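> The following block contains the structure, expressed as structure tokens.
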Amino acid sequence: MSWHGASECHNVARMRSYNPDLTPPWKKSAPVPEVPADLDLVVEEVATGFCGAVVRCEAGTVTLEDRFGKHRVFPMEPRGFLLEGRVVTLVRPSAGAPVRPTRTASGSIAVPGARARVARAGRVYVEGRHDAELVERVWGDDLRIEGVVVEYLEGIDDLPAIVAEFAPAPDARLGILVDHLVEGSKESRIASQVSSPDVLIVGHPYIDVWEAVKPSSVGIPAWPVVPHGQDWKTGVCRALGWPENTGAAWQHILSRVRTYKDLEPALLGRVEELIDFVTAP
């Protein structure tokens, strides 16, 4: 081989070993963050669109649970999941990572092993058994830690007498959640008869607490409009083609509620307000 040929080969070899990346910066894909698959982390699997919370993480796979309680197992492949709209790669949590949900159903920081506090003198009253069951479903852990007891009222027609019998005081505050508390309603007129610095009455705009559950969580496009004069719950069952068994219908609705994200903000804010009121120093 001539000297010239040997020199050219040497240059080619040197260029190959150098091999600079000539891709323009705007064409380079941004690095994908690695996120530990901690329990209760909510992600969406890219290929299927399945969205759920992490309930189990094993070698190479992660199990997600959607809001209907359905479980699916997925491989933890690079760029395989969306977290708050961003592509991420799930990885196994470190050995010291939490092994239980880090938040309660209400979104509060979970306190593993915390014992229920002795019940306070203060109370939260809600209008109806379904309201009480929904509050327990989402805020139950928080209420036990705070020592707040929730009781339900059959109705609020006798609310002034009920409040008088409770005898609220600075160390025994009373919070009351009322359905359909809108201006000009019967509920608003009754609530206006109660006046005490140790009583807080709040309400949501819905005819019934069923409506406070997001339609998307129940799997319907919207809550039906029931003609005036009809029993609202029965009318909803008819409109949706459900059996006219309001008790069974409610259990179906309640089973679709996993966290505060399944509820409308108009209810969330009111319940948090009541808990803060009765637990204030």
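We label chains A, B, ... in the order they appear in the structure tokens, count residues from 1 in each chain, and number ligands from 1 in the order shown.
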So which residues touch range 256-264 of chain A within 9 Å, counting only C-alpha atoms, skipping near sequence neighbours fewer than 2 positions away, as a list of chain:residue names?

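What passes the distance filter is A:Arg67, A:Phe68, A:Gly69, A:Thr104, A:Ala105, A:Ser106, A:Gly107, A:Leu134, A:Arg137, A:Val138, A:Trp139, A:Glu211, A:Ala212, A:Val213, A:Lys214, A:Pro215, A:Ser216, A:Ser217, A:Val218, A:Gly219, A:Gln251, A:His252, A:Ile253, A:Leu254, A:Ala266, A:Leu267, A:Leu268.
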
> Atoms to include: N, CA and C atoms. Write the selected residues as a PDB file, in the first residue's frame.


ATOM      1  N   ARG A  67     -60.211   2.841  38.257  1.00  0.00           N
ATOM      2  CA  ARG A  67     -61.217   3.306  39.214  1.00  0.00           C
ATOM      3  C   ARG A  67     -62.365   2.326  39.382  1.00  0.00           C
ATOM      4  N   PHE A  68     -62.451   1.318  38.511  1.00  0.00           N
ATOM      5  CA  PHE A  68     -63.489   0.297  38.639  1.00  0.00           C
ATOM      6  C   PHE A  68     -62.988  -0.929  39.400  1.00  0.00           C
ATOM      7  N   GLY A  69     -61.730  -0.873  39.864  1.00  0.00           N
ATOM      8  CA  GLY A  69     -61.164  -1.990  40.601  1.00  0.00           C
ATOM      9  C   GLY A  69     -60.543  -3.060  39.714  1.00  0.00           C
ATOM     10  N   THR A 104     -54.292   9.313  51.695  1.00  0.00           N
ATOM     11  CA  THR A 104     -55.620   8.769  51.960  1.00  0.00           C
ATOM     12  C   THR A 104     -56.516   9.047  50.770  1.00  0.00           C
ATOM     13  N   ALA A 105     -57.744   8.520  50.809  1.00  0.00           N
ATOM     14  CA  ALA A 105     -58.675   8.731  49.700  1.00  0.00           C
ATOM     15  C   ALA A 105     -59.021  10.203  49.514  1.00  0.00           C
ATOM     16  N   SER A 106     -58.868  11.006  50.570  1.00  0.00           N
ATOM     17  CA  SER A 106     -59.177  12.433  50.468  1.00  0.00           C
ATOM     18  C   SER A 106     -58.010  13.237  49.918  1.00  0.00           C
ATOM     19  N   GLY A 107     -56.852  12.567  49.724  1.00  0.00           N
ATOM     20  CA  GLY A 107     -55.671  13.256  49.231  1.00  0.00           C
ATOM     21  C   GLY A 107     -54.734  13.711  50.324  1.00  0.00           C
ATOM     22  N   LEU A 134     -70.834   8.355  51.832  1.00  0.00           N
ATOM     23  CA  LEU A 134     -69.880   8.944  50.895  1.00  0.00           C
ATOM     24  C   LEU A 134     -68.767   9.669  51.642  1.00  0.00           C
ATOM     25  N   ARG A 137     -66.471   7.135  52.983  1.00  0.00           N
ATOM     26  CA  ARG A 137     -65.688   6.507  51.913  1.00  0.00           C
ATOM     27  C   ARG A 137     -64.428   7.311  51.599  1.00  0.00           C
ATOM     28  N   VAL A 138     -64.567   8.623  51.541  1.00  0.00           N
ATOM     29  CA  VAL A 138     -63.453   9.463  51.107  1.00  0.00           C
ATOM     30  C   VAL A 138     -62.659  10.044  52.273  1.00  0.00           C
ATOM     31  N   TRP A 139     -63.353  10.431  53.334  1.00  0.00           N
ATOM     32  CA  TRP A 139     -62.671  11.112  54.442  1.00  0.00           C
ATOM     33  C   TRP A 139     -62.547  10.247  55.702  1.00  0.00           C
ATOM     34  N   GLU A 211     -75.463  13.291  42.774  1.00  0.00           N
ATOM     35  CA  GLU A 211     -74.951  14.195  41.740  1.00  0.00           C
ATOM     36  C   GLU A 211     -73.550  14.707  42.042  1.00  0.00           C
ATOM     37  N   ALA A 212     -73.116  14.590  43.296  1.00  0.00           N
ATOM     38  CA  ALA A 212     -71.785  15.053  43.657  1.00  0.00           C
ATOM     39  C   ALA A 212     -70.702  14.090  43.178  1.00  0.00           C
ATOM     40  N   VAL A 213     -71.097  12.906  42.724  1.00  0.00           N
ATOM     41  CA  VAL A 213     -70.154  11.958  42.129  1.00  0.00           C
ATOM     42  C   VAL A 213     -70.042  12.286  40.639  1.00  0.00           C
ATOM     43  N   LYS A 214     -68.841  12.412  40.152  1.00  0.00           N
ATOM     44  CA  LYS A 214     -68.650  12.781  38.751  1.00  0.00           C
ATOM     45  C   LYS A 214     -69.270  11.736  37.824  1.00  0.00           C
ATOM     46  N   PRO A 215     -70.024  12.154  36.823  1.00  0.00           N
ATOM     47  CA  PRO A 215     -70.616  11.195  35.882  1.00  0.00           C
ATOM     48  C   PRO A 215     -69.581  10.267  35.253  1.00  0.00           C
ATOM     49  N   SER A 216     -68.398  10.807  34.941  1.00  0.00           N
ATOM     50  CA  SER A 216     -67.370   9.975  34.305  1.00  0.00           C
ATOM     51  C   SER A 216     -66.934   8.833  35.215  1.00  0.00           C
ATOM     52  N   SER A 217     -66.980   9.051  36.522  1.00  0.00           N
ATOM     53  CA  SER A 217     -66.604   7.991  37.456  1.00  0.00           C
ATOM     54  C   SER A 217     -67.648   6.888  37.483  1.00  0.00           C
ATOM     55  N   VAL A 218     -68.898   7.254  37.251  1.00  0.00           N
ATOM     56  CA  VAL A 218     -69.994   6.280  37.247  1.00  0.00           C
ATOM     57  C   VAL A 218     -70.108   5.592  35.891  1.00  0.00           C
ATOM     58  N   GLY A 219     -69.509   6.212  34.858  1.00  0.00           N
ATOM     59  CA  GLY A 219     -69.585   5.637  33.515  1.00  0.00           C
ATOM     60  C   GLY A 219     -70.774   6.117  32.717  1.00  0.00           C
ATOM     61  N   GLN A 251     -75.407   1.768  45.883  1.00  0.00           N
ATOM     62  CA  GLN A 251     -74.242   0.923  46.118  1.00  0.00           C
ATOM     63  C   GLN A 251     -73.379   0.827  44.861  1.00  0.00           C
ATOM     64  N   HIS A 252     -74.031   0.812  43.696  1.00  0.00           N
ATOM     65  CA  HIS A 252     -73.295   0.815  42.431  1.00  0.00           C
ATOM     66  C   HIS A 252     -72.505   2.117  42.279  1.00  0.00           C
ATOM     67  N   ILE A 253     -73.154   3.238  42.592  1.00  0.00           N
ATOM     68  CA  ILE A 253     -72.487   4.536  42.480  1.00  0.00           C
ATOM     69  C   ILE A 253     -71.328   4.624  43.466  1.00  0.00           C
ATOM     70  N   LEU A 254     -71.601   4.230  44.719  1.00  0.00           N
ATOM     71  CA  LEU A 254     -70.580   4.328  45.763  1.00  0.00           C
ATOM     72  C   LEU A 254     -69.364   3.464  45.436  1.00  0.00           C
ATOM     73  N   ALA A 266     -67.532  21.098  44.247  1.00  0.00           N
ATOM     74  CA  ALA A 266     -68.529  21.776  45.074  1.00  0.00           C
ATOM     75  C   ALA A 266     -68.814  21.014  46.362  1.00  0.00           C
ATOM     76  N   LEU A 267     -68.607  19.707  46.358  1.00  0.00           N
ATOM     77  CA  LEU A 267     -68.765  18.926  47.593  1.00  0.00           C
ATOM     78  C   LEU A 267     -67.453  18.855  48.361  1.00  0.00           C
ATOM     79  N   LEU A 268     -66.357  18.674  47.651  1.00  0.00           N
ATOM     80  CA  LEU A 268     -65.056  18.535  48.312  1.00  0.00           C
ATOM     81  C   LEU A 268     -64.761  19.707  49.236  1.00  0.00           C
TER      82      LEU A 268
END

> So, with only C-alpha atoms as the atoms that count, which of A:Pro205, A:Pro281, A:Pro168, A:Pro197 lies closest to His180 in chain A?

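Going through A:Pro205, A:Pro281, A:Pro168, A:Pro197 one by one, the smallest distance to His180 in chain A is for A:Pro205.
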
> Would you work out the distance separating CA of Ile201 in chain A from CA of Glu136 in chain A, expressed in Å to one decimal?

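Distance between the two atoms: 18.8 Å.
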
> Could you write out, as a count of residues only, all the residues of range 125-230 of chain A that DSSP marks as alpha helix (DSSP H)?

36
